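Next comes final.txt, a file with compact mmCIF, C-alpha atoms and all ligand atoms.
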```txt
# COMPACT_ATOMS: atom_id res chain seq x y z
CA MET A 1 0.00 0.00 0.00
CA GLU A 2 1.08 3.58 -0.65
CA LEU A 3 1.03 5.40 2.72
CA LEU A 4 2.23 8.74 1.35
CA LYS A 5 3.27 9.76 -2.12
CA GLY A 6 6.34 7.66 -2.93
CA VAL A 7 6.23 5.80 0.41
CA HIS A 8 5.09 2.21 0.10
CA VAL A 9 4.58 -0.36 2.84
CA ILE A 10 5.01 -3.96 1.73
CA GLU A 11 3.25 -6.28 4.15
CA THR A 12 5.23 -9.46 4.76
CA PHE A 13 5.40 -11.14 8.18
CA ALA A 14 7.20 -7.93 9.19
CA ASN A 15 6.51 -4.79 7.14
CA CYS A 16 9.09 -3.54 4.65
CA ALA A 17 9.20 0.11 3.54
CA LEU A 18 9.91 1.12 -0.05
CA LEU A 19 10.83 4.72 -0.82
CA VAL A 20 10.29 5.58 -4.45
CA ASP A 21 12.06 8.42 -6.23
CA ASP A 22 14.01 8.12 -9.46
CA ARG A 23 15.66 5.21 -7.67
CA LEU A 24 14.33 3.00 -4.89
CA ILE A 25 15.35 2.45 -1.29
CA LEU A 26 14.13 -0.69 0.48
CA VAL A 27 14.04 -0.84 4.28
CA ASP A 28 14.02 -4.45 5.56
CA THR A 29 13.40 -7.57 3.51
CA GLY A 30 10.91 -9.74 5.41
CA ALA A 31 11.01 -13.34 6.58
CA ASP A 32 11.77 -16.36 4.39
CA GLY A 33 9.03 -15.58 1.86
CA GLY A 34 9.69 -11.84 2.14
CA ALA A 35 11.76 -11.51 -1.01
CA LYS A 36 8.93 -13.05 -3.04
CA ASP A 37 6.46 -10.54 -1.56
CA VAL A 38 8.79 -7.61 -2.29
CA LEU A 39 9.46 -8.79 -5.86
CA GLY A 40 5.71 -9.24 -6.43
CA TYR A 41 5.06 -5.72 -5.12
CA LEU A 42 7.73 -4.22 -7.39
CA ASP A 43 6.12 -5.95 -10.31
CA ARG A 44 2.70 -4.47 -9.44
CA ILE A 45 4.09 -0.92 -9.34
CA ARG A 46 6.01 -1.61 -12.57
CA ARG A 47 9.48 -1.23 -11.15
CA LYS A 48 12.43 -3.59 -11.48
CA PRO A 49 14.54 -5.05 -8.63
CA THR A 50 17.56 -3.36 -10.22
CA ASP A 51 15.87 0.03 -9.59
CA ILE A 52 16.69 -0.52 -5.89
CA SER A 53 19.97 1.25 -5.17
CA THR A 54 20.13 0.71 -1.41
CA ILE A 55 18.75 -1.77 1.10
CA ILE A 56 18.76 -0.62 4.72
CA ILE A 57 18.30 -3.25 7.45
CA THR A 58 16.81 -2.01 10.75
CA HIS A 59 17.94 -5.08 12.72
CA THR A 60 18.96 -8.68 12.40
CA HIS A 61 15.78 -10.55 13.44
CA PRO A 62 14.81 -13.27 10.94
CA ASP A 63 11.50 -11.61 9.99
CA HIS A 64 13.41 -8.52 8.78
CA VAL A 65 16.56 -9.99 7.29
CA SER A 66 15.70 -13.41 5.82
CA GLY A 67 14.79 -12.01 2.40
CA LEU A 68 18.03 -10.05 2.20
CA ALA A 69 20.24 -12.57 0.38
CA VAL A 70 17.74 -12.91 -2.47
CA MET A 71 16.92 -9.19 -2.64
CA ARG A 72 20.58 -8.28 -2.79
CA GLU A 73 21.26 -10.78 -5.52
CA LYS A 74 18.27 -9.64 -7.63
CA SER A 75 18.87 -5.92 -7.13
CA GLY A 76 22.64 -5.57 -6.91
CA ALA A 77 21.90 -2.90 -4.27
CA LYS A 78 24.31 -1.79 -1.58
CA VAL A 79 23.33 -2.97 1.90
CA ALA A 80 23.50 -0.66 4.91
CA ALA A 81 22.99 -1.35 8.62
CA HIS A 82 24.06 0.07 11.95
CA ARG A 83 27.70 -0.62 12.78
CA MET A 84 26.69 -2.64 15.89
CA GLU A 85 24.32 -4.88 13.95
CA ALA A 86 26.48 -5.60 10.88
CA ASP A 87 28.34 -8.63 12.22
CA TYR A 88 25.08 -10.32 13.21
CA ILE A 89 23.65 -9.83 9.70
CA SER A 90 26.87 -11.19 8.14
CA ARG A 91 26.89 -13.84 10.89
CA LYS A 92 30.52 -13.11 11.71
CA LYS A 93 29.32 -12.91 15.33
CA PRO A 94 26.67 -15.07 17.02
CA TYR A 95 23.60 -13.05 17.99
CA PRO A 96 23.46 -12.67 21.79
CA GLY A 97 19.70 -13.37 21.95
CA PRO A 98 17.75 -16.65 22.12
CA PRO A 99 19.50 -19.56 20.37
CA GLY A 100 18.21 -20.42 16.90
CA ILE A 101 17.07 -16.87 16.11
CA GLN A 102 19.99 -16.27 13.75
CA ARG A 103 19.17 -18.58 10.87
CA HIS A 104 19.22 -16.36 7.79
CA LYS A 105 21.67 -16.64 4.91
CA PRO A 106 24.59 -14.35 5.83
CA VAL A 107 25.04 -11.13 3.86
CA ASP A 108 27.97 -8.75 4.21
CA ILE A 109 27.14 -5.13 4.96
CA ASP A 110 28.56 -2.58 2.50
CA ILE A 111 27.82 0.59 4.47
CA LEU A 112 28.17 0.85 8.26
CA LEU A 113 25.86 3.48 9.71
CA ASP A 114 26.28 5.53 12.88
CA ASP A 115 23.87 7.45 15.09
CA LYS A 116 22.94 10.93 13.82
CA GLN A 117 24.51 10.28 10.43
CA ARG A 118 22.66 11.51 7.34
CA PHE A 119 22.14 8.74 4.84
CA GLU A 120 19.98 8.70 1.71
CA GLU A 121 18.53 12.08 2.77
CA MET A 122 17.39 10.66 6.10
CA LEU A 123 18.64 10.96 9.67
CA VAL A 124 19.94 7.67 11.11
CA LEU A 125 19.02 7.07 14.75
CA HIS A 126 20.55 4.29 16.82
CA THR A 127 17.58 2.94 18.80
CA PRO A 128 18.98 -0.04 20.75
CA GLY A 129 17.15 -2.27 23.20
CA HIS A 130 15.15 -4.45 20.81
CA THR A 131 18.54 -5.57 19.44
CA PRO A 132 21.99 -4.01 20.14
CA GLY A 133 22.20 -2.19 16.80
CA SER A 134 18.55 -1.48 15.96
CA LEU A 135 18.17 1.66 13.90
CA SER A 136 15.34 4.01 12.99
CA LEU A 137 15.23 6.46 10.09
CA LEU A 138 13.73 9.95 10.10
CA ASP A 139 12.78 11.27 6.67
CA GLU A 140 12.35 14.95 7.51
CA ARG A 141 11.23 15.88 4.00
CA ARG A 142 8.27 13.50 4.22
CA LYS A 143 7.81 13.88 8.02
CA LEU A 144 8.08 10.11 8.23
CA LEU A 145 9.65 7.88 10.88
CA ILE A 146 10.62 4.35 9.88
CA ALA A 147 11.03 2.73 13.29
CA GLY A 148 11.65 -0.96 12.57
CA ASP A 149 10.96 -2.75 15.86
CA ALA A 150 11.84 0.23 18.07
CA CYS A 151 8.05 0.19 18.69
CA GLN A 152 4.91 -1.45 17.24
CA THR A 153 1.31 -0.50 16.41
CA GLU A 154 -0.43 -3.87 16.65
CA GLU A 155 -3.19 -2.50 18.88
CA GLY A 156 -3.82 0.46 16.58
CA THR A 157 -1.52 2.85 18.44
CA ILE A 158 2.18 3.03 19.21
CA GLY A 159 3.47 0.80 22.01
CA PRO A 160 6.70 -0.94 23.02
CA MET A 161 7.55 -4.37 21.60
CA ASP A 162 6.82 -7.43 23.73
CA ASP A 163 9.83 -7.78 26.04
CA ALA A 164 10.15 -11.43 25.07
CA TYR A 165 11.75 -10.08 21.87
CA ASN A 166 13.80 -7.24 23.42
CA ILE A 167 17.40 -7.89 24.34
CA ASP A 168 17.34 -4.96 26.82
CA PRO A 169 13.80 -3.84 27.79
CA ARG A 170 15.00 -0.76 29.70
CA MET A 171 17.10 0.45 26.79
CA HIS A 172 14.16 -0.26 24.43
CA ARG A 173 12.08 2.25 26.43
CA GLU A 174 14.91 4.79 26.47
CA SER A 175 14.97 4.56 22.66
CA ILE A 176 11.21 5.25 22.52
CA LYS A 177 11.78 8.36 24.67
CA ARG A 178 14.42 9.50 22.22
CA LEU A 179 12.12 8.99 19.23
CA ALA A 180 9.49 11.02 21.09
CA GLN A 181 11.73 14.09 20.79
CA LEU A 182 11.52 14.03 16.99
CA ASP A 183 9.03 15.81 14.80
CA PHE A 184 7.12 13.63 12.33
CA GLU A 185 3.60 12.88 11.15
CA ALA A 186 3.69 9.35 9.74
CA ILE A 187 5.22 6.16 11.13
CA ILE A 188 6.06 2.79 9.61
CA VAL A 189 6.85 -0.05 12.04
CA GLY A 190 7.75 -3.70 11.56
CA HIS A 191 4.61 -4.99 13.26
CA GLY A 192 1.21 -3.31 13.04
CA LYS A 193 -0.35 -0.84 10.64
CA PRO A 194 1.49 2.20 9.35
CA LEU A 195 -0.13 5.46 10.52
CA ALA A 196 -0.16 8.64 8.47
CA THR A 197 -0.70 11.67 10.72
CA GLY A 198 -0.03 13.08 14.19
CA GLN A 199 2.26 10.28 15.32
CA SER A 200 5.07 12.19 17.08
CA GLU A 201 2.42 13.47 19.52
CA VAL A 202 1.26 9.88 20.10
CA MET A 203 4.89 8.85 20.66
CA ARG A 204 5.31 11.68 23.19
CA GLN A 205 2.24 10.53 25.11
CA LEU A 206 3.58 6.96 25.18
CA ALA A 207 7.04 8.11 26.32
CA SER A 208 5.49 10.08 29.21
CA ARG A 209 3.91 6.84 30.50
CA LEU A 210 7.11 4.76 30.33
ZN ZN A 301 12.61 -7.63 15.71
```
Take the structure in the file and write it out as structure tokens.
Amino acid sequence: MELLKGVHVIETFANCALLVDDRLILVDTGADGGAKDVLGYLDRIRRKPTDISTIIITHTHPDHVSGLAVMREKSGAKVAAHRMEADYISRKKPYPGPPGIQRHKPVDIDILLDDKQRFEEMLVLHTPGHTPGSLSLLDERRKLLIAGDACQTEEGTIGPMDDAYNIDPRMHRESIKRLAQLDFEAIIVGHGKPLATGQSEVMRQLASRL
């Protein structure tokens, strides 16, 4: 679905975001079947996988990263992730979470991102707690926050992720408080519906209760 002009949300087990300008930026790649869903979506909007110039991974959980090997191969895109998450995505380091969670095909990261860096005309925010190197992206031009699993909207409004999936629940909440200081209208999360307006105010109200 097209949330805003040029901002598409591809619903796989975890949502992927697709930013469409003259070239495409894909954020996250879904679970095992995710690449098929993304390729099908591209076909429907009459774009080619090779139109994707950059794939950004928010974090290394299997429902966000399992489609990456296929998407990289089909697109030839550069892959970017936070510096602290890169070695889990390439599987050079074992993920410190529950055993068995790291089961995707390893992919090397081309571009290591840091907190507060500008990348692809967005602000990179390190939002740890769900995983060590979780990142969120603020697209100021579109007033859009792509939060990955820094929060979720499964009950129709923004809330923290279930702590069963957070490596550091306290830090996860600190990251939500940090996101609440930003100015945006729309939000795309990994789990739950994307929301189009008024969402930084909702995030501020959530942060005040944490
Ligand atoms: Zn996750």
Collect all residues with atoms no farther than 7 Å from ligand ZN 301 (chain A), counting all atoms listed in the file, and output them as a list in words. His59, His61, His130, Asp149 and Tyr165 of chain A
With all atoms listed in the file as the atoms that count, which of A:Gln199, A:Gln102, A:Gln117, A:Thr29 lies nearest to Leu145 in chain A? A:Gln199
Which polymer residues, whether protein, DNA or RNA, lie within 10 Å of the coordinate (9.9, 8.9, 20.0) when you count all atoms listed in the file? List them as a list in words, using the chain letters and numbers from the file.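 Looking at atoms near the point gives Thr127, Leu145, Ala147, Ala150, Cys151, Ile158, Arg173, Glu174, Ser175, Ile176, Lys177, Arg178, Leu179, Ala180, Gln181, Leu182, Asp183, Phe184, Gln199, Ser200, Glu201, Val202, Met203, Arg204, Gln205, Leu206 and Ala207 of chain A.
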Report, in Å to a single decimal, how far apart CA of Val27 in chain A and CA of Leu39 in chain A are. 13.7 Å
Please provide the set of residues having any atom within 7 Å of Pro128 in chain A, restricted to all atoms listed in the file, with same-chain residues fewer than 5 positions apart removed, written as a PyMOL selection string. chain A and resi 133-134+171-172+175
Export of prior selection with C-alpha atoms as a PDB file, keeping the file's coordinate frame:
```
ATOM      1  CA  GLY A 133      22.200  -2.190  16.800  1.00  0.00           C
ATOM      2  CA  SER A 134      18.550  -1.480  15.960  1.00  0.00           C
ATOM      3  CA  MET A 171      17.100   0.450  26.790  1.00  0.00           C
ATOM      4  CA  HIS A 172      14.160  -0.260  24.430  1.00  0.00           C
ATOM      5  CA  SER A 175      14.970   4.560  22.660  1.00  0.00           C
TER       6      SER A 175
END
```
Report as JSON lines the residues of range 96-167 of chain A within 12 Å of range 15-26 of chain A, each with its shortest atom pair and distance in Å (one decimal), using all atoms listed in the file, ordered by chain and increasing residue number.
```
{"residue": "A:Phe119", "atom": "CA", "partner": "A:Ile25", "partner_atom": "CA", "distance": 11.1}
{"residue": "A:Glu120", "atom": "CA", "partner": "A:Ile25", "partner_atom": "CA", "distance": 8.3}
{"residue": "A:Glu121", "atom": "CA", "partner": "A:Ile25", "partner_atom": "CA", "distance": 10.9}
{"residue": "A:Met122", "atom": "CA", "partner": "A:Ile25", "partner_atom": "CA", "distance": 11.2}
{"residue": "A:Ser136", "atom": "CA", "partner": "A:Ala17", "partner_atom": "CA", "distance": 11.9}
{"residue": "A:Leu137", "atom": "CA", "partner": "A:Ala17", "partner_atom": "CA", "distance": 10.9}
{"residue": "A:Asp139", "atom": "CA", "partner": "A:Leu19", "partner_atom": "CA", "distance": 10.1}
{"residue": "A:Arg142", "atom": "CA", "partner": "A:Leu19", "partner_atom": "CA", "distance": 10.4}
{"residue": "A:Leu144", "atom": "CA", "partner": "A:Leu19", "partner_atom": "CA", "distance": 10.9}
{"residue": "A:Leu145", "atom": "CA", "partner": "A:Ala17", "partner_atom": "CA", "distance": 10.7}
{"residue": "A:Ile146", "atom": "CA", "partner": "A:Ala17", "partner_atom": "CA", "distance": 7.8}
{"residue": "A:Ala147", "atom": "CA", "partner": "A:Ala17", "partner_atom": "CA", "distance": 10.3}
{"residue": "A:Gly148", "atom": "CA", "partner": "A:Asn15", "partner_atom": "CA", "distance": 8.4}
{"residue": "A:Asp149", "atom": "CA", "partner": "A:Asn15", "partner_atom": "CA", "distance": 10.0}
{"residue": "A:Gln152", "atom": "CA", "partner": "A:Asn15", "partner_atom": "CA", "distance": 10.8}
{"residue": "A:Thr153", "atom": "CA", "partner": "A:Asn15", "partner_atom": "CA", "distance": 11.5}
{"residue": "A:Glu154", "atom": "CA", "partner": "A:Asn15", "partner_atom": "CA", "distance": 11.8}
```
Writing out the chosen residues with C-alpha atoms as a short mmCIF file (atom, residue, chain, number, x, y, z; two decimals), in the frame of the given file:
```cif
data_model
loop_
_atom_site.label_atom_id
_atom_site.label_comp_id
_atom_site.auth_asym_id
_atom_site.auth_seq_id
_atom_site.Cartn_x
_atom_site.Cartn_y
_atom_site.Cartn_z
CA PHE A 119 22.14 8.74 4.84
CA GLU A 120 19.98 8.70 1.71
CA GLU A 121 18.53 12.08 2.77
CA MET A 122 17.39 10.66 6.10
CA SER A 136 15.34 4.01 12.99
CA LEU A 137 15.23 6.46 10.09
CA ASP A 139 12.78 11.27 6.67
CA ARG A 142 8.27 13.50 4.22
CA LEU A 144 8.08 10.11 8.23
CA LEU A 145 9.65 7.88 10.88
CA ILE A 146 10.62 4.35 9.88
CA ALA A 147 11.03 2.73 13.29
CA GLY A 148 11.65 -0.96 12.57
CA ASP A 149 10.96 -2.75 15.86
CA GLN A 152 4.91 -1.45 17.24
CA THR A 153 1.31 -0.50 16.41
CA GLU A 154 -0.43 -3.87 16.65
#
```
Output requested as a short mmCIF file (atom, residue, chain, number, x, y, z; two decimals), in the frame of the given file - range 14-30 of chain A, filled out with N, CA and C atoms.
```cif
data_model
loop_
_atom_site.label_atom_id
_atom_site.label_comp_id
_atom_site.auth_asym_id
_atom_site.auth_seq_id
_atom_site.Cartn_x
_atom_site.Cartn_y
_atom_site.Cartn_z
N ALA A 14 6.89 -9.26 8.64
CA ALA A 14 7.20 -7.93 9.19
C ALA A 14 7.15 -6.96 8.01
N ASN A 15 6.64 -5.74 8.24
CA ASN A 15 6.51 -4.79 7.14
C ASN A 15 7.87 -4.36 6.60
N CYS A 16 7.93 -4.17 5.29
CA CYS A 16 9.09 -3.54 4.65
C CYS A 16 8.62 -2.17 4.15
N ALA A 17 9.53 -1.21 4.10
CA ALA A 17 9.20 0.11 3.54
C ALA A 17 9.95 0.26 2.22
N LEU A 18 9.29 0.88 1.25
CA LEU A 18 9.91 1.12 -0.05
C LEU A 18 9.74 2.60 -0.38
N LEU A 19 10.86 3.30 -0.50
CA LEU A 19 10.83 4.72 -0.82
C LEU A 19 11.13 4.86 -2.30
N VAL A 20 10.22 5.53 -2.99
CA VAL A 20 10.29 5.58 -4.45
C VAL A 20 10.56 7.00 -4.92
N ASP A 21 11.75 7.20 -5.49
CA ASP A 21 12.06 8.42 -6.23
C ASP A 21 12.51 7.95 -7.61
N ASP A 22 13.49 8.65 -8.19
CA ASP A 22 14.01 8.12 -9.46
C ASP A 22 14.72 6.78 -9.24
N ARG A 23 15.19 6.54 -8.02
CA ARG A 23 15.66 5.21 -7.67
C ARG A 23 14.97 4.80 -6.38
N LEU A 24 15.11 3.53 -6.00
CA LEU A 24 14.33 3.00 -4.89
C LEU A 24 15.22 2.66 -3.71
N ILE A 25 14.67 2.86 -2.51
CA ILE A 25 15.35 2.45 -1.29
C ILE A 25 14.41 1.50 -0.56
N LEU A 26 14.93 0.32 -0.22
CA LEU A 26 14.13 -0.69 0.48
C LEU A 26 14.62 -0.76 1.92
N VAL A 27 13.68 -0.69 2.87
CA VAL A 27 14.04 -0.84 4.28
C VAL A 27 13.45 -2.16 4.78
N ASP A 28 14.33 -3.09 5.11
CA ASP A 28 14.02 -4.45 5.56
C ASP A 28 13.50 -5.33 4.41
N THR A 29 13.61 -6.64 4.63
CA THR A 29 13.40 -7.57 3.51
C THR A 29 12.50 -8.75 3.87
N GLY A 30 11.89 -8.72 5.06
CA GLY A 30 10.91 -9.74 5.41
C GLY A 30 11.52 -11.06 5.85
#
```
